[in-house]
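Participant: Pasting in a structure now, in structure tokens, and then I'll have a few things to ask.
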Amino acid sequence: PNCVSFCLFYAIHNIFKEVRRSALITLSRCHMSTKEEKPTLAGVNVKTRKRNIVIPEDPGSFADAVVTLCQDASDSLNLEADLEAAAKALDGAELEYSRYGDILFQVFFVGGRLGTGAQLAAEDKMRLSTNIMACEPTREAINPYFKLFQTLTRRRPFLIRGLENTLVKLLLSLEFFDEVGRKKLGIALALTFSWKIGVVPSNIFAALLNDRLVAKGTVMEVMTVFFQEFLAKDTLDDLVSILSKANIANRLVDFAPPNKRVQVDFHQLLRVAGLGALVDWDVQREIDLRVTELQEALTEAITADPPIAVAEVLTIAKTKKGENNLPDTEVLRVSWLALMKSINLTGKNQQQITQSVMQKLKSYGKLFSAFATNAKAELALINTIQVFCYEDTRMLKCFTDIVKLLYNAEIVGEDTVQHWYKKGSHAKGRAVFLKDIEPFMKWLEEAEEEDD
């Protein structure tokens, strides 16, 4: 019985297995048939294509939009208030500032887009009547616009480049502006840096070094106004910093027309414009430049190997002094610095340092005596040595010995040393050196009393 039951069960299992397989095959065929039958349109090919949506550049529309926003924001008789309102309106508008930054500033400078010859683009429909070139040629009238520029550039720093480009374009068109227009540009240039907007000085002033414009005198006209207006509110040090960043601090005379490039004439031109402080700085700058050349020449001569004779070193100093019209005080200062550069003090004790300095100073005594020809020069030499010894702590104990040597060699006189001790010493290290030299000063007084 058990065997019969097992056979019956196995037969039924196989029947169900075959029925299940047949059903799965049937379902699969039905599904494939349904998937292949897609609805189609006879004679129509359906294709999917990608399209690039191009936004056309339209600077004219941008300029018109800026003008409209500014005019709509203007609802008072106060320019500064109107410009503040314009800043808010521009900040909230969705305009292509990154693409048309130049045009934004052109609108505020001249009322619209700049064309050739500093003329407005003829095709533009709208003009902004309140603009820099339409206002009074005064700092007070133009200042509100730069307050606006600072606001705009702080919110969108990339607009600084647009301001730079606009200024360059205007400066390259100086010949198309009258005297009043050039004055406004000079004031605008000063305010650009007074407001510290971030404009790169070299990008601006390079445009002014245009031979054609310089020859006509228009560049010097603008630069003079720039100097005057900038120094009216800012310091000479601030101006020098800007000129140095623009790499023009040593070539201001290049902005003058050819017939004014002699240093005397150029400085007179600035003095007439009330720029005496700038002239004094330029004179000192020229002296410093020549002094640096002298120091390099003397250092090279004194440190030469084999050594150059003292007489030859003295000749170099006298030649450079004559060529560059240098004062004796500067020659003495530079000679001392050059002499000290030739002495190696590294690893030496105090006695060795003093001995090395004394020996070198004795060797070049003629170099100092040749230029210490009056009390002023002698005092300048002592103070130069005082400052040097104070700033280099290794030399602190050498000062009195150096003064004694200079006195004994008759390079400095007793009256000069007495004047230095009583009221002529430099502030640096004064207390230290006066106390240290006190015994020598007493000796001088006693020697003078014995002579009497």
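As shown in the structure tokens, the chain order sets the letters A, B, ...; within each chain, residues go from 1, and ligands are also counted from 1 in the order they appear.
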So that I can check the surroundings of segment 321-324 of chain A, please list as a list in words every protein, DNA and RNA residue that reaches within 10 Å of it, counting only C-alpha atoms and ignoring chain neighbours fewer than 4 positions away.

Facilitator: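 What passes the distance filter is Glu286, Ile287, Leu289, Arg290, Val291, Glu293, Leu294, Thr315, Ile316, Ala317, Asp328, Glu330 and Val331 of chain A.
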
Participant: Grab the residues selected above and save them as a PDB file, in the first residue's frame with N, CA, C and O atoms.

Facilitator:
ATOM      1  N   GLU A 286      64.644 112.454  -5.047  1.00  0.00           N
ATOM      2  CA  GLU A 286      65.763 112.483  -5.983  1.00  0.00           C
ATOM      3  C   GLU A 286      67.096 112.424  -5.242  1.00  0.00           C
ATOM      4  O   GLU A 286      68.021 111.718  -5.669  1.00  0.00           O
ATOM      5  N   ILE A 287      67.179 113.146  -4.124  1.00  0.00           N
ATOM      6  CA  ILE A 287      68.398 113.108  -3.314  1.00  0.00           C
ATOM      7  C   ILE A 287      68.629 111.696  -2.775  1.00  0.00           C
ATOM      8  O   ILE A 287      69.751 111.167  -2.824  1.00  0.00           O
ATOM      9  N   LEU A 289      67.649 108.908  -3.986  1.00  0.00           N
ATOM     10  CA  LEU A 289      68.049 108.029  -5.089  1.00  0.00           C
ATOM     11  C   LEU A 289      69.534 108.186  -5.388  1.00  0.00           C
ATOM     12  O   LEU A 289      70.268 107.203  -5.555  1.00  0.00           O
ATOM     13  N   ARG A 290      69.994 109.428  -5.435  1.00  0.00           N
ATOM     14  CA  ARG A 290      71.410 109.676  -5.715  1.00  0.00           C
ATOM     15  C   ARG A 290      72.296 109.238  -4.563  1.00  0.00           C
ATOM     16  O   ARG A 290      73.409 108.749  -4.775  1.00  0.00           O
ATOM     17  N   VAL A 291      71.797 109.417  -3.337  1.00  0.00           N
ATOM     18  CA  VAL A 291      72.553 108.980  -2.160  1.00  0.00           C
ATOM     19  C   VAL A 291      72.714 107.460  -2.166  1.00  0.00           C
ATOM     20  O   VAL A 291      73.775 106.932  -1.816  1.00  0.00           O
ATOM     21  N   GLU A 293      72.855 105.574  -4.772  1.00  0.00           N
ATOM     22  CA  GLU A 293      73.883 105.275  -5.784  1.00  0.00           C
ATOM     23  C   GLU A 293      75.275 105.517  -5.215  1.00  0.00           C
ATOM     24  O   GLU A 293      76.206 104.738  -5.445  1.00  0.00           O
ATOM     25  N   LEU A 294      75.433 106.613  -4.452  1.00  0.00           N
ATOM     26  CA  LEU A 294      76.723 106.919  -3.830  1.00  0.00           C
ATOM     27  C   LEU A 294      77.103 105.846  -2.821  1.00  0.00           C
ATOM     28  O   LEU A 294      78.253 105.390  -2.779  1.00  0.00           O
ATOM     29  N   THR A 315      88.119 110.210  -4.240  1.00  0.00           N
ATOM     30  CA  THR A 315      87.809 110.746  -5.571  1.00  0.00           C
ATOM     31  C   THR A 315      86.402 110.337  -6.009  1.00  0.00           C
ATOM     32  O   THR A 315      85.645 111.143  -6.559  1.00  0.00           O
ATOM     33  N   ILE A 316      86.038 109.072  -5.751  1.00  0.00           N
ATOM     34  CA  ILE A 316      84.697 108.588  -6.100  1.00  0.00           C
ATOM     35  C   ILE A 316      83.633 109.395  -5.356  1.00  0.00           C
ATOM     36  O   ILE A 316      82.633 109.824  -5.936  1.00  0.00           O
ATOM     37  N   ALA A 317      83.875 109.631  -4.064  1.00  0.00           N
ATOM     38  CA  ALA A 317      82.911 110.375  -3.248  1.00  0.00           C
ATOM     39  C   ALA A 317      82.760 111.802  -3.750  1.00  0.00           C
ATOM     40  O   ALA A 317      81.639 112.320  -3.875  1.00  0.00           O
ATOM     41  N   ASP A 328      77.077 117.856   2.063  1.00  0.00           N
ATOM     42  CA  ASP A 328      78.150 117.162   2.788  1.00  0.00           C
ATOM     43  C   ASP A 328      77.596 116.230   3.855  1.00  0.00           C
ATOM     44  O   ASP A 328      78.159 115.158   4.122  1.00  0.00           O
ATOM     45  N   GLU A 330      74.968 114.359   3.808  1.00  0.00           N
ATOM     46  CA  GLU A 330      74.573 113.076   3.221  1.00  0.00           C
ATOM     47  C   GLU A 330      75.791 112.245   2.846  1.00  0.00           C
ATOM     48  O   GLU A 330      75.803 111.023   3.003  1.00  0.00           O
ATOM     49  N   VAL A 331      76.827 112.899   2.324  1.00  0.00           N
ATOM     50  CA  VAL A 331      78.043 112.176   1.954  1.00  0.00           C
ATOM     51  C   VAL A 331      78.684 111.559   3.191  1.00  0.00           C
ATOM     52  O   VAL A 331      79.142 110.411   3.166  1.00  0.00           O
TER      53      VAL A 331
END

Participant: Using the chain letters and numbers from this document, which residues of segment 89-254 of chain A does DSSP assign to helix (DSSP H, G or I), as number ranges by chain?

Facilitator: A: 89-92, 101-110, 116-118, 132-134, 139-155, 159-171, 174-176, 179-194, 201-208, 211-216, 218-233, 236-245, 252-254

Participant: Rounded to one decimal place, report the atom CA of Ser241 of chain A-atom CA of Phe205 of chain A distance in Å.

Facilitator: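 These atoms are spaced 13.6 Å apart.
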
Participant: Compile the contact shell of Ala301 of chain A as a list in words: residues with an atom at most 12 Å away, counting only C-alpha atoms, same-chain residues fewer than 4 positions apart removed.

Facilitator: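 Answer for this query is Leu294, Gln295, Glu296, Ala297, Asp305, Pro306, Pro307, Ile308, Ala309, Val310, Ala311, Glu312, Val313, Leu314, Thr315, Ile316, Ala317, Ser335, Ala338, Leu339, Lys341, Ser342 and Tyr364 of chain A.
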
Participant: Excluding segment 95-112 of chain A and its own-chain neighbours fewer than 3 positions away, which residues fall within 10 Å of it when counting only C-alpha atoms? Please give them as a PyMOL selection string.

Facilitator: chain A and resi 57-60+62-67+70+90-92+115+118-122+124-135+142+145-146+148-149+156+158-167+169-170+185+188

Participant: Residues within 9 Å of Phe371 of chain A, please, as a list in words. Count only C-alpha atoms; anything in the same chain fewer than 5 positions from it doesn't count.

Facilitator: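 Residues near the query, excluding close chain neighbours: Lys318, Asp328, Thr329, Val331, Leu332, Lys366, Ala377 and Glu378 of chain A.
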
Participant: Using only C-alpha atoms for the distances, tell me which of A:Glu229, A:Asp75, A:Asp288, A:Leu252 is nearest to Gly274 of chain A.

Facilitator: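 Selected residue with least distance to Gly274 of chain A: A:Glu229.
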
Participant: Name the residues in contact with Gln351 of chain A at a cut-off of 12 Å, using only C-alpha atoms, excluding same-chain residues fewer than 2 positions from it; report them as a PyMOL selection string.

Facilitator: chain A and resi 345+347-349+353-358+394-395+397-398+401
